[in-house]
Every structure is written in structure tokens, then in C-alpha cells.
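*Asks:* Okay, so here is protein-v7.txt, and as you'll see once you scroll down, it has compact mmCIF, C-alpha atoms and all ligand atoms.
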```
# COMPACT_ATOMS: atom_id res chain seq x y z
CA MET A 1 79.24 96.01 145.09
CA LYS A 2 79.38 92.34 144.14
CA VAL A 3 82.46 91.31 142.18
CA VAL A 4 83.27 87.86 140.78
CA VAL A 5 86.84 87.33 139.61
CA LEU A 6 87.76 84.33 137.48
CA THR A 7 91.46 83.51 137.42
CA GLY A 8 93.48 81.18 135.20
CA ALA A 9 97.06 80.09 134.74
CA GLY A 10 98.15 83.55 133.57
CA ILE A 11 97.82 85.01 137.08
CA SER A 12 100.40 82.53 138.37
CA ALA A 13 102.74 82.79 135.37
CA GLU A 14 104.90 85.52 136.92
CA SER A 15 105.24 83.34 140.02
CA GLY A 16 106.90 80.74 137.80
CA VAL A 17 103.98 78.29 137.42
CA SER A 18 103.66 77.07 133.81
CA THR A 19 100.54 78.00 131.84
CA PHE A 20 98.85 75.36 129.69
CA ARG A 21 98.56 76.79 126.21
CA ASP A 22 101.51 79.13 125.85
CA ASN A 23 103.93 76.39 124.83
CA GLY A 24 102.38 74.52 121.93
CA GLY A 25 99.97 72.36 123.93
CA LEU A 26 102.70 70.96 126.13
CA TRP A 27 102.47 71.35 129.88
CA GLU A 28 105.85 70.81 131.54
CA ASP A 29 106.81 68.61 128.52
CA HIS A 30 103.68 66.45 128.67
CA ARG A 31 100.71 66.41 126.32
CA ILE A 32 97.67 67.76 128.21
CA GLU A 33 95.57 64.74 127.17
CA ASP A 34 98.12 62.37 128.73
CA VAL A 35 98.14 64.03 132.15
CA ALA A 36 94.77 65.77 132.38
CA THR A 37 92.19 63.16 131.37
CA PRO A 38 90.72 60.13 133.17
CA GLU A 39 91.76 58.05 130.14
CA GLY A 40 95.38 59.18 130.47
CA PHE A 41 95.31 58.19 134.15
CA GLU A 42 93.83 54.78 133.34
CA ARG A 43 96.49 54.19 130.67
CA ASP A 44 99.46 55.19 132.77
CA PRO A 45 98.65 56.02 136.41
CA GLU A 46 102.31 56.11 137.47
CA THR A 47 103.23 58.83 134.99
CA VAL A 48 100.20 60.90 136.00
CA GLN A 49 100.85 60.49 139.74
CA ARG A 50 104.52 61.36 139.22
CA PHE A 51 103.53 64.41 137.18
CA TYR A 52 101.20 65.83 139.86
CA ASP A 53 103.60 64.84 142.65
CA ALA A 54 106.18 67.01 140.90
CA ARG A 55 103.69 69.89 140.46
CA ARG A 56 102.74 69.63 144.16
CA ALA A 57 106.39 69.60 145.24
CA ALA A 58 107.11 72.58 142.96
CA LEU A 59 104.64 74.71 144.95
CA ALA A 60 107.37 74.98 147.58
CA ASP A 61 109.49 76.97 145.10
CA VAL A 62 106.93 79.59 144.11
CA VAL A 63 105.38 82.55 145.88
CA PRO A 64 102.35 84.75 145.17
CA ASN A 65 102.98 87.73 142.91
CA PRO A 66 101.52 91.27 143.04
CA ALA A 67 98.37 90.13 141.18
CA HIS A 68 97.50 87.58 143.88
CA HIS A 69 98.26 90.14 146.59
CA ALA A 70 96.09 92.77 144.92
CA LEU A 71 93.09 90.38 144.92
CA ALA A 72 93.66 89.66 148.62
CA GLU A 73 93.66 93.43 149.25
CA LEU A 74 90.47 93.77 147.25
CA GLU A 75 88.86 91.14 149.47
CA LEU A 76 89.84 93.14 152.55
CA ALA A 77 87.97 96.09 151.05
CA LEU A 78 84.92 94.24 149.74
CA GLY A 79 84.55 91.30 152.16
CA ASP A 80 81.71 89.09 151.00
CA GLY A 81 81.38 91.36 148.00
CA LEU A 82 84.28 89.54 146.32
CA LEU A 83 84.40 85.92 145.21
CA VAL A 84 87.50 84.56 143.47
CA VAL A 85 86.78 81.56 141.26
CA THR A 86 90.03 80.02 140.15
CA GLN A 87 90.78 77.39 137.56
CA ASN A 88 94.22 77.06 139.11
CA VAL A 89 95.20 74.10 141.25
CA ASP A 90 98.00 75.97 143.03
CA ASP A 91 97.44 77.63 146.43
CA LEU A 92 98.83 81.06 145.59
CA HIS A 93 95.55 82.94 146.19
CA GLU A 94 95.33 81.48 149.70
CA ARG A 95 98.98 82.20 150.41
CA ALA A 96 98.44 85.83 149.39
CA GLY A 97 95.61 86.00 151.94
CA SER A 98 92.45 85.42 149.89
CA LYS A 99 89.81 83.52 151.83
CA ARG A 100 86.76 83.52 149.59
CA VAL A 101 88.16 81.27 146.84
CA ILE A 102 86.52 78.47 144.88
CA HIS A 103 88.90 76.02 143.18
CA MET A 104 86.62 74.87 140.40
CA HIS A 105 89.30 72.57 138.93
CA GLY A 106 90.42 71.15 142.29
CA GLU A 107 93.64 71.57 144.25
CA LEU A 108 97.09 70.04 144.15
CA LEU A 109 97.14 70.03 147.95
CA GLN A 110 94.20 67.66 148.13
CA ALA A 111 93.78 64.00 147.23
CA LEU A 112 90.55 62.43 146.01
CA CYS A 113 89.75 58.85 146.93
CA ALA A 114 88.38 56.92 143.95
CA ALA A 115 86.89 54.37 146.38
CA CYS A 116 84.98 56.57 148.89
CA GLU A 117 85.16 59.97 147.10
CA THR A 118 86.51 61.73 150.22
CA ARG A 119 88.72 64.75 149.49
CA SER A 120 91.60 64.91 151.96
CA PRO A 121 94.29 67.54 152.46
CA TRP A 122 97.48 66.12 150.91
CA ALA A 123 100.99 67.57 150.98
CA GLY A 124 103.16 64.58 150.05
CA ASP A 125 103.40 62.20 147.10
CA LEU A 126 100.63 59.96 145.79
CA LEU A 127 102.88 57.63 143.82
CA GLY A 128 103.20 54.33 145.64
CA GLY A 129 99.52 54.12 146.64
CA PRO A 130 99.27 55.63 150.14
CA ALA A 131 96.08 54.76 152.07
CA CYS A 132 93.05 57.06 152.00
CA PRO A 133 92.78 58.68 155.47
CA ALA A 134 89.01 58.09 155.39
CA CYS A 135 88.59 54.50 154.13
CA ASP A 136 92.12 53.08 154.00
CA ALA A 137 91.87 52.09 150.34
CA ALA A 138 94.97 52.60 148.19
CA ALA A 139 92.86 54.51 145.68
CA LEU A 140 93.99 58.13 145.98
CA ARG A 141 94.36 60.32 142.89
CA PRO A 142 95.10 64.03 142.57
CA ASP A 143 92.00 66.09 143.40
CA VAL A 144 92.25 67.80 140.04
CA VAL A 145 89.29 68.05 137.66
CA TRP A 146 90.36 66.53 134.36
CA PHE A 147 88.85 67.02 130.92
CA GLY A 148 85.54 65.20 130.77
CA GLU A 149 84.93 65.64 134.51
CA ILE A 150 82.54 68.11 136.12
CA PRO A 151 84.07 71.17 137.82
CA TYR A 152 83.38 71.78 141.50
CA GLU A 153 80.79 74.10 143.01
CA MET A 154 79.05 75.07 139.78
CA ASP A 155 75.81 75.94 141.61
CA ARG A 156 77.56 78.38 143.93
CA ILE A 157 79.48 79.89 141.02
CA GLN A 158 76.36 80.34 138.93
CA SER A 159 74.44 82.10 141.69
CA ALA A 160 77.42 84.39 142.31
CA LEU A 161 77.53 85.22 138.60
CA ALA A 162 73.80 85.89 138.62
CA GLY A 163 74.23 88.42 141.45
CA ALA A 164 77.42 90.07 140.21
CA ASP A 165 77.70 93.77 139.38
CA LEU A 166 81.15 93.20 137.90
CA PHE A 167 82.79 90.11 136.41
CA VAL A 168 86.54 90.17 135.83
CA SER A 169 88.51 87.47 134.05
CA ILE A 170 92.25 87.39 134.73
CA GLY A 171 94.93 85.35 132.95
CA THR A 172 92.80 82.77 131.22
CA SER A 173 92.76 81.84 127.54
CA GLY A 174 88.98 81.36 127.41
CA ALA A 175 89.54 77.96 125.79
CA VAL A 176 88.02 75.68 128.42
CA TYR A 177 84.32 75.50 129.25
CA PRO A 178 82.38 76.00 131.45
CA ALA A 179 84.70 78.75 132.78
CA ALA A 180 85.00 80.27 129.30
CA GLY A 181 81.24 80.83 129.30
CA PHE A 182 81.08 82.73 132.61
CA VAL A 183 81.49 86.09 130.88
CA GLN A 184 78.38 85.59 128.76
CA LEU A 185 76.41 84.32 131.74
CA ALA A 186 77.42 87.24 133.98
CA ARG A 187 76.71 89.69 131.17
CA ALA A 188 73.29 88.19 130.49
CA PHE A 189 72.50 88.69 134.20
CA GLY A 190 73.49 92.35 133.93
CA ALA A 191 77.10 92.48 135.15
CA ARG A 192 79.73 94.73 133.65
CA THR A 193 82.57 92.59 132.32
CA LEU A 194 86.31 93.19 132.17
CA GLU A 195 89.16 91.09 130.80
CA LEU A 196 92.68 91.44 132.24
CA ASN A 197 95.06 89.28 130.22
CA LEU A 198 98.46 89.36 128.55
CA GLU A 199 96.76 89.38 125.15
CA PRO A 200 93.18 89.19 123.85
CA SER A 201 91.78 85.80 124.88
CA ASP A 202 89.60 83.59 122.66
CA GLY A 203 86.54 85.23 124.19
CA SER A 204 87.86 88.79 124.39
CA HIS A 205 85.01 90.16 122.25
CA PHE A 206 82.45 89.05 124.88
CA PHE A 207 83.76 91.60 127.41
CA HIS A 208 82.66 95.23 127.72
CA GLU A 209 86.25 96.24 128.36
CA ALA A 210 89.72 94.69 128.18
CA ARG A 211 93.11 95.69 129.52
CA HIS A 212 96.11 93.80 128.21
CA GLY A 213 99.47 93.34 129.91
CA ARG A 214 101.17 91.32 132.63
CA ALA A 215 98.88 90.38 135.50
CA GLY A 216 101.48 91.53 138.05
CA GLU A 217 101.11 95.04 136.66
CA ILE A 218 97.55 95.40 135.42
CA VAL A 219 95.75 93.66 138.31
CA PRO A 220 97.19 95.96 141.04
CA GLY A 221 96.40 98.90 138.74
CA TRP A 222 92.78 97.81 138.33
CA VAL A 223 92.35 97.17 142.09
CA ALA A 224 93.76 100.62 142.85
CA ASP A 225 91.28 102.17 140.38
CA LEU A 226 88.43 100.31 142.06
CA VAL A 227 89.16 100.83 145.74
CA GLY A 228 92.41 102.83 145.94
P1 LIG B 1 95.90 78.81 129.55
O1 LIG B 1 97.33 78.36 129.55
O2 LIG B 1 94.98 78.23 128.56
O3 LIG B 1 95.85 80.39 129.34
C1 LIG B 1 96.67 81.26 130.09
C2 LIG B 1 96.36 82.68 129.65
O4 LIG B 1 97.12 83.53 130.46
C3 LIG B 1 96.72 82.97 128.18
O5 LIG B 1 95.66 83.67 127.56
C4 LIG B 1 97.96 83.87 128.30
O6 LIG B 1 98.03 84.85 127.29
C5 LIG B 1 97.74 84.53 129.65
N1 LIG B 1 98.98 84.91 130.33
C6 LIG B 1 100.21 84.33 130.28
N2 LIG B 1 101.07 84.99 131.05
C7 LIG B 1 100.39 86.03 131.62
C8 LIG B 1 100.73 87.09 132.50
N3 LIG B 1 101.97 87.21 133.00
N4 LIG B 1 99.77 87.96 132.86
C9 LIG B 1 98.51 87.86 132.37
N5 LIG B 1 98.11 86.88 131.52
C10 LIG B 1 99.04 85.98 131.15
O7 LIG B 1 95.36 78.61 131.04
P2 LIG B 1 93.87 78.58 131.57
O8 LIG B 1 93.01 79.50 130.80
O9 LIG B 1 93.94 78.74 133.04
O10 LIG B 1 92.11 72.73 133.28
O11 LIG B 1 93.46 77.09 131.25
C11 LIG B 1 92.19 76.66 131.61
C12 LIG B 1 92.23 75.21 132.00
O12 LIG B 1 92.84 74.42 130.99
C13 LIG B 1 93.08 74.89 133.21
O13 LIG B 1 92.44 75.13 134.45
C14 LIG B 1 93.34 73.44 133.05
C15 LIG B 1 93.72 73.46 131.61
O14 LIG B 1 93.67 72.29 130.96
C16 LIG B 1 92.14 71.49 133.76
O15 LIG B 1 93.17 70.94 134.12
C17 LIG B 1 90.78 70.85 133.83
```
Written as C-alpha cells, how would this file's structure read?
*Replies:*
Amino acid sequence: MKVVVLTGAGISAESGVSTFRDNGGLWEDHRIEDVATPEGFERDPETVQRFYDARRAALADVVPNPAHHALAELELALGDGLLVVTQNVDDLHERAGSKRVIHMHGELLQALCAACETRSPWAGDLLGGPACPACDAAALRPDVVWFGEIPYEMDRIQSALAGADLFVSIGTSGAVYPAAGFVQLARAFGARTLELNLEPSDGSHFFHEARHGRAGEIVPGWVADLVG
């Protein structure tokens, strides 16, 4: 069986990572357009670097929750049959043990060099203009895909969706494309589709089936139904 799971901020909510749209368009007290667009970065790079430096540092205070662990268990059962595509920039899937993960919106623990485009592992701060490990330029930015930029690994994601028997969307509002369109794509290619979310998402009606509740409860329940 081939399963593609798309995850969003809702899967990390019970770990204490803020979602984007559950608090009136503010993300940790910032407007999304100020901290998640290339224009916002151009206007005020210091604020944006400080913002992601704080998000990166905050990873030390959070741990994976039962939903992340359940997906890692599912991977143990399905091997290459499972691909997790996450919109999240945290590393909670990896810390739970998932190995087959695509971070389509980038990762907090990586830096992207605007000069040479190398992506380097990065655990510290970016404020202050540290040198790129590859080219030495002081041109590092968070390796996070902002609005108006193209998500990573779309070709790999699309071929996985084309071959999927089951597509499951977990903890995402369905507000941001292209991820919001994956359900229709997978369905058009013949996959069964399931939404697992706190409440019906914007695209809930596109799914064959939906289960609503907290990810930490409904994801382990679904995994147990599938392979338990
Ligand atoms: P959102 O904040 O838009 O949506 C989070 C979803 O998770 C909502 O539908 C909530 O109802 C649901 N949710 C909240 N708590 C939950 C819980 N405990 N269990 C299950 N579901 C829960 O986050 P995303 O859909 O991930 O992009 O946002 C998509 C993209 O928009 C992000 O990757 C980011 C953002 O701007 C970029 O930065 C490019």
C-alpha cells in the first residue's frame, strides 16, 4: 500500500508550536506578511531574522507528540510505502523517528545562502550576518519557503501523489496552495482521501472521509486502524 501523508501546523500544536491561522492571522504576535514574505524580509531583515532565530531556539523547548510518534510507527510498518510531506518547518517528525519526510516549506534548522543558494544545516542564530559555510558571503537567510516562493521537491511530491492508494491530510487549514490542492490531485489519480483535523478545513468537502479531533488522539487511532 502506498500512503502519502500531508501534515500542517495542527500536528505540532499539541507540542506547543503555534499554528498560523488560529489566532486572527497573527503568528507569535507578527503579521504573516511581515515575517513570511520576501518583501517583508527586504523591508526589515533584522526583525525577520530575529523572528526565525526565536522560532529555531524554541525548538529546544518542544517535543514530538503522539501524532508524530504514530506516523513514525506507521513508517516502520510500511517502509517505502509511506511518504510524509510536511508544510512544517520544525523537526518534530524527524525527532519522532520518521525518515521519509519532505519539508516542502523548508526547515528552521537550515540556512539558505542568497548568494550561492547552498542550503546548510544551521542550529544557531542568523542575526548578525554569519558567513555561509559554502561561499563565505554574509548572505544567509532562513531556509523557509515564503509566500510567493516555490515549495521544495514538487516533482517528487507529485509523483508520490500520482502513485498513492491513500492520501491523508493532518492538521492543515487547506488555505495555502499548492499543498491545499494535493487532495484533488491524489483523488484524480485514484487515491482514497482522508482528512484528520481539529475541525473541517477549507477543503474538507474534497475528501472521501474526515475525522475531526485533536491530532494527538485521532492520528494514533487512525494508524492503529490501518496497521494495528
Ligand atoms: P494553519 O494554521 O493554517 O492551520 C492549522 C490547522 O490545524 C487548522 O485547520 C486547525 O484547525 C488545525 N489544528 C489546530 N490544532 C490542532 C490539533 N491539536 N489537532 C489537529 N488539528 C489542529 O497551518 P497550515 O495549514 O500548516 O507556510 O498552514 C499552511 C502554511 O501557511 C504554512 O506552512 C506556512 C503558513 O503560512 C509558509 O510559511 C510558506
*Asks:* Restrict the calculation to all atoms listed in the file, then for each residue of stretch 38-137 of chain A with any atom at most 7 Å from an atom of stretch 2-13 of chain A give the closest atom pair and their distance in Å to one decimal, rows by chain and rising residue number, as JSON lines.
*Replies:*
```
{"residue": "A:Ala67", "atom": "CA", "partner": "A:Ile11", "partner_atom": "CA", "distance": 6.6}
{"residue": "A:Gly81", "atom": "CA", "partner": "A:Lys2", "partner_atom": "CA", "distance": 4.5}
{"residue": "A:Leu82", "atom": "CA", "partner": "A:Val3", "partner_atom": "CA", "distance": 4.9}
{"residue": "A:Leu83", "atom": "CA", "partner": "A:Val4", "partner_atom": "CA", "distance": 5.0}
{"residue": "A:Val84", "atom": "CA", "partner": "A:Val5", "partner_atom": "CA", "distance": 4.8}
{"residue": "A:Val85", "atom": "CA", "partner": "A:Leu6", "partner_atom": "CA", "distance": 4.8}
{"residue": "A:Thr86", "atom": "CA", "partner": "A:Thr7", "partner_atom": "CA", "distance": 4.7}
{"residue": "A:Gln87", "atom": "CA", "partner": "A:Gly8", "partner_atom": "CA", "distance": 5.2}
{"residue": "A:Asn88", "atom": "CA", "partner": "A:Gly8", "partner_atom": "CA", "distance": 5.7}
```
*Asks:* At most 9 Å from (100.3, 55.0, 144.6), file frame, all atoms listed in the file: which residues, as an mmCIF file with C-alpha atoms, in the frame of the given file?
*Replies:*
```cif
data_model
loop_
_atom_site.group_PDB
_atom_site.id
_atom_site.type_symbol
_atom_site.label_atom_id
_atom_site.label_comp_id
_atom_site.auth_asym_id
_atom_site.auth_seq_id
_atom_site.Cartn_x
_atom_site.Cartn_y
_atom_site.Cartn_z
ATOM 1 C CA PRO A 45 98.650 56.020 136.410
ATOM 2 C CA GLU A 46 102.310 56.110 137.470
ATOM 3 C CA GLN A 49 100.850 60.490 139.740
ATOM 4 C CA ASP A 125 103.400 62.200 147.100
ATOM 5 C CA LEU A 126 100.630 59.960 145.790
ATOM 6 C CA LEU A 127 102.880 57.630 143.820
ATOM 7 C CA GLY A 128 103.200 54.330 145.640
ATOM 8 C CA GLY A 129 99.520 54.120 146.640
ATOM 9 C CA PRO A 130 99.270 55.630 150.140
ATOM 10 C CA ALA A 131 96.080 54.760 152.070
ATOM 11 C CA ALA A 138 94.970 52.600 148.190
ATOM 12 C CA ALA A 139 92.860 54.510 145.680
ATOM 13 C CA LEU A 140 93.990 58.130 145.980
ATOM 14 C CA ARG A 141 94.360 60.320 142.890
#
```
*Asks:* Please identify every residue of chain A that has at least one atom no farther than 8 Å from an atom of ligand LIG 1 (chain B), counting only C-alpha atoms and all ligand atoms, and for each give the shortest atom pair and the distance in Å to one decimal, arranged by chain then increasing number, as CSV.
*Replies:*
```
residue,atom,partner,partner_atom,distance
A:Thr7,CA,B:LIG1,O9,6.9
A:Gly8,CA,B:LIG1,O9,3.3
A:Ala9,CA,B:LIG1,O9,3.8
A:Gly10,CA,B:LIG1,O4,3.3
A:Ile11,CA,B:LIG1,N4,5.5
A:Ser12,CA,B:LIG1,N3,7.3
A:Ala13,CA,B:LIG1,N3,5.1
A:Glu14,CA,B:LIG1,N3,5.2
A:Ser18,CA,B:LIG1,O1,7.7
A:Thr19,CA,B:LIG1,O1,4.0
A:Phe20,CA,B:LIG1,O1,3.4
A:Arg21,CA,B:LIG1,O1,3.9
A:Asp22,CA,B:LIG1,O1,5.6
A:Ile32,CA,B:LIG1,O14,6.6
A:Ala36,CA,B:LIG1,O15,5.7
A:Thr86,CA,B:LIG1,O13,7.9
A:Gln87,CA,B:LIG1,O13,4.2
A:Asn88,CA,B:LIG1,O13,5.3
A:Val89,CA,B:LIG1,O13,7.4
A:His105,CA,B:LIG1,C17,5.6
A:Val144,CA,B:LIG1,O15,6.8
A:Val145,CA,B:LIG1,C17,5.0
A:Trp146,CA,B:LIG1,C17,4.4
A:Phe147,CA,B:LIG1,C17,5.2
A:Glu149,CA,B:LIG1,C17,7.9
A:Pro151,CA,B:LIG1,C17,7.8
A:Ile170,CA,B:LIG1,N5,6.7
A:Gly171,CA,B:LIG1,O4,3.8
A:Thr172,CA,B:LIG1,O8,3.3
A:Ser173,CA,B:LIG1,O5,3.4
A:Gly174,CA,B:LIG1,O8,5.6
A:Ala175,CA,B:LIG1,O2,6.1
A:Val176,CA,B:LIG1,C11,5.3
A:Ala179,CA,B:LIG1,C11,7.9
A:Leu196,CA,B:LIG1,C9,6.8
A:Asn197,CA,B:LIG1,N5,4.1
A:Leu198,CA,B:LIG1,N5,3.9
A:Glu199,CA,B:LIG1,O6,5.2
A:Pro200,CA,B:LIG1,O5,7.1
A:Ser201,CA,B:LIG1,O5,5.2
A:Asp202,CA,B:LIG1,O5,7.8
A:His212,CA,B:LIG1,C9,7.6
A:Gly213,CA,B:LIG1,C9,6.1
A:Arg214,CA,B:LIG1,N4,3.6
A:Ala215,CA,B:LIG1,N4,3.7
A:Gly216,CA,B:LIG1,N4,6.5
```
*Asks:* Store the residues of this selection in a file with C-alpha atoms, as a PDB file, in the frame of the given file.
*Replies:*
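The resulting result_20.pdb:
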```pdb
ATOM      1  CA  THR A   7      91.460  83.510 137.420  1.00  0.00           C
ATOM      2  CA  GLY A   8      93.480  81.180 135.200  1.00  0.00           C
ATOM      3  CA  ALA A   9      97.060  80.090 134.740  1.00  0.00           C
ATOM      4  CA  GLY A  10      98.150  83.550 133.570  1.00  0.00           C
ATOM      5  CA  ILE A  11      97.820  85.010 137.080  1.00  0.00           C
ATOM      6  CA  SER A  12     100.400  82.530 138.370  1.00  0.00           C
ATOM      7  CA  ALA A  13     102.740  82.790 135.370  1.00  0.00           C
ATOM      8  CA  GLU A  14     104.900  85.520 136.920  1.00  0.00           C
ATOM      9  CA  SER A  18     103.660  77.070 133.810  1.00  0.00           C
ATOM     10  CA  THR A  19     100.540  78.000 131.840  1.00  0.00           C
ATOM     11  CA  PHE A  20      98.850  75.360 129.690  1.00  0.00           C
ATOM     12  CA  ARG A  21      98.560  76.790 126.210  1.00  0.00           C
ATOM     13  CA  ASP A  22     101.510  79.130 125.850  1.00  0.00           C
ATOM     14  CA  ILE A  32      97.670  67.760 128.210  1.00  0.00           C
ATOM     15  CA  ALA A  36      94.770  65.770 132.380  1.00  0.00           C
ATOM     16  CA  THR A  86      90.030  80.020 140.150  1.00  0.00           C
ATOM     17  CA  GLN A  87      90.780  77.390 137.560  1.00  0.00           C
ATOM     18  CA  ASN A  88      94.220  77.060 139.110  1.00  0.00           C
ATOM     19  CA  VAL A  89      95.200  74.100 141.250  1.00  0.00           C
ATOM     20  CA  HIS A 105      89.300  72.570 138.930  1.00  0.00           C
ATOM     21  CA  VAL A 144      92.250  67.800 140.040  1.00  0.00           C
ATOM     22  CA  VAL A 145      89.290  68.050 137.660  1.00  0.00           C
ATOM     23  CA  TRP A 146      90.360  66.530 134.360  1.00  0.00           C
ATOM     24  CA  PHE A 147      88.850  67.020 130.920  1.00  0.00           C
ATOM     25  CA  GLU A 149      84.930  65.640 134.510  1.00  0.00           C
ATOM     26  CA  PRO A 151      84.070  71.170 137.820  1.00  0.00           C
ATOM     27  CA  ILE A 170      92.250  87.390 134.730  1.00  0.00           C
ATOM     28  CA  GLY A 171      94.930  85.350 132.950  1.00  0.00           C
ATOM     29  CA  THR A 172      92.800  82.770 131.220  1.00  0.00           C
ATOM     30  CA  SER A 173      92.760  81.840 127.540  1.00  0.00           C
ATOM     31  CA  GLY A 174      88.980  81.360 127.410  1.00  0.00           C
ATOM     32  CA  ALA A 175      89.540  77.960 125.790  1.00  0.00           C
ATOM     33  CA  VAL A 176      88.020  75.680 128.420  1.00  0.00           C
ATOM     34  CA  ALA A 179      84.700  78.750 132.780  1.00  0.00           C
ATOM     35  CA  LEU A 196      92.680  91.440 132.240  1.00  0.00           C
ATOM     36  CA  ASN A 197      95.060  89.280 130.220  1.00  0.00           C
ATOM     37  CA  LEU A 198      98.460  89.360 128.550  1.00  0.00           C
ATOM     38  CA  GLU A 199      96.760  89.380 125.150  1.00  0.00           C
ATOM     39  CA  PRO A 200      93.180  89.190 123.850  1.00  0.00           C
ATOM     40  CA  SER A 201      91.780  85.800 124.880  1.00  0.00           C
ATOM     41  CA  ASP A 202      89.600  83.590 122.660  1.00  0.00           C
ATOM     42  CA  HIS A 212      96.110  93.800 128.210  1.00  0.00           C
ATOM     43  CA  GLY A 213      99.470  93.340 129.910  1.00  0.00           C
ATOM     44  CA  ARG A 214     101.170  91.320 132.630  1.00  0.00           C
ATOM     45  CA  ALA A 215      98.880  90.380 135.500  1.00  0.00           C
ATOM     46  CA  GLY A 216     101.480  91.530 138.050  1.00  0.00           C
TER      47      GLY A 216
END
```
*Asks:* Give me, please, the distance in Å between atom CA of A:Leu74 and atom CA of A:Ala186, quoted to one decimal.
*Replies:* 19.7 Å
*Asks:* Rounded to one decimal in Å, what is the spacing between atom CA of A:Tyr52 and atom CA of A:Val35?
*Replies:* 8.5 Å
*Asks:* Just the residues within 8 Å of A:Ala111, please, counting all atoms listed in the file, with nothing from its chain fewer than 3 positions along; format it as number ranges by chain.
*Replies:* A: 108, 119-122, 140-143
*Asks:* Considering all atoms listed in the file, return as a list in words whatever protein or nucleic-acid residues lie within 10 Å of stretch 61-63 of chain A, sequence-local ones (same chain, fewer than 6 positions apart) excluded.
*Replies:*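 My list of contacting residues is Ser12, Glu14, Ser15, Gly16, Val17, Asp90, Asp91, Leu92, His93, Arg95 and Ala96 of chain A.
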*Asks:* How many Å separate atom CA of A:Gly79 from atom CA of A:Glu153?
*Replies:*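 So the answer is 19.8 Å.
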*Asks:* Choose the residue, out of A:Arg55, A:Met154, A:His68, A:Leu109, that has the smallest atom-to-atom separation from A:Glu94; count only C-alpha atoms.
*Replies:* A:His68
*Asks:* Between A:Ala134, A:Asp165, A:Leu185, A:Gly106, which one has atoms that come closest to A:Thr118, using only C-alpha atoms?
*Replies:* A:Ala134
*Asks:* Closest to A:His69 among A:Gly97, A:Ala57, A:Gln158, A:Glu39, using all atoms listed in the file?
*Replies:*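 Looking at the shortest contact to A:His69, the residue is A:Gly97.
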*Asks:* Compute the distance from (76.9, 92.9, 136.9) to each atom, counting all atoms listed in the file, keep the residues with any atom at most 12 Å away, and return them as a ChimeraX atom specification; use the coordinates of the file.
*Replies:* /A:1-5,160-168,182-194,207-208
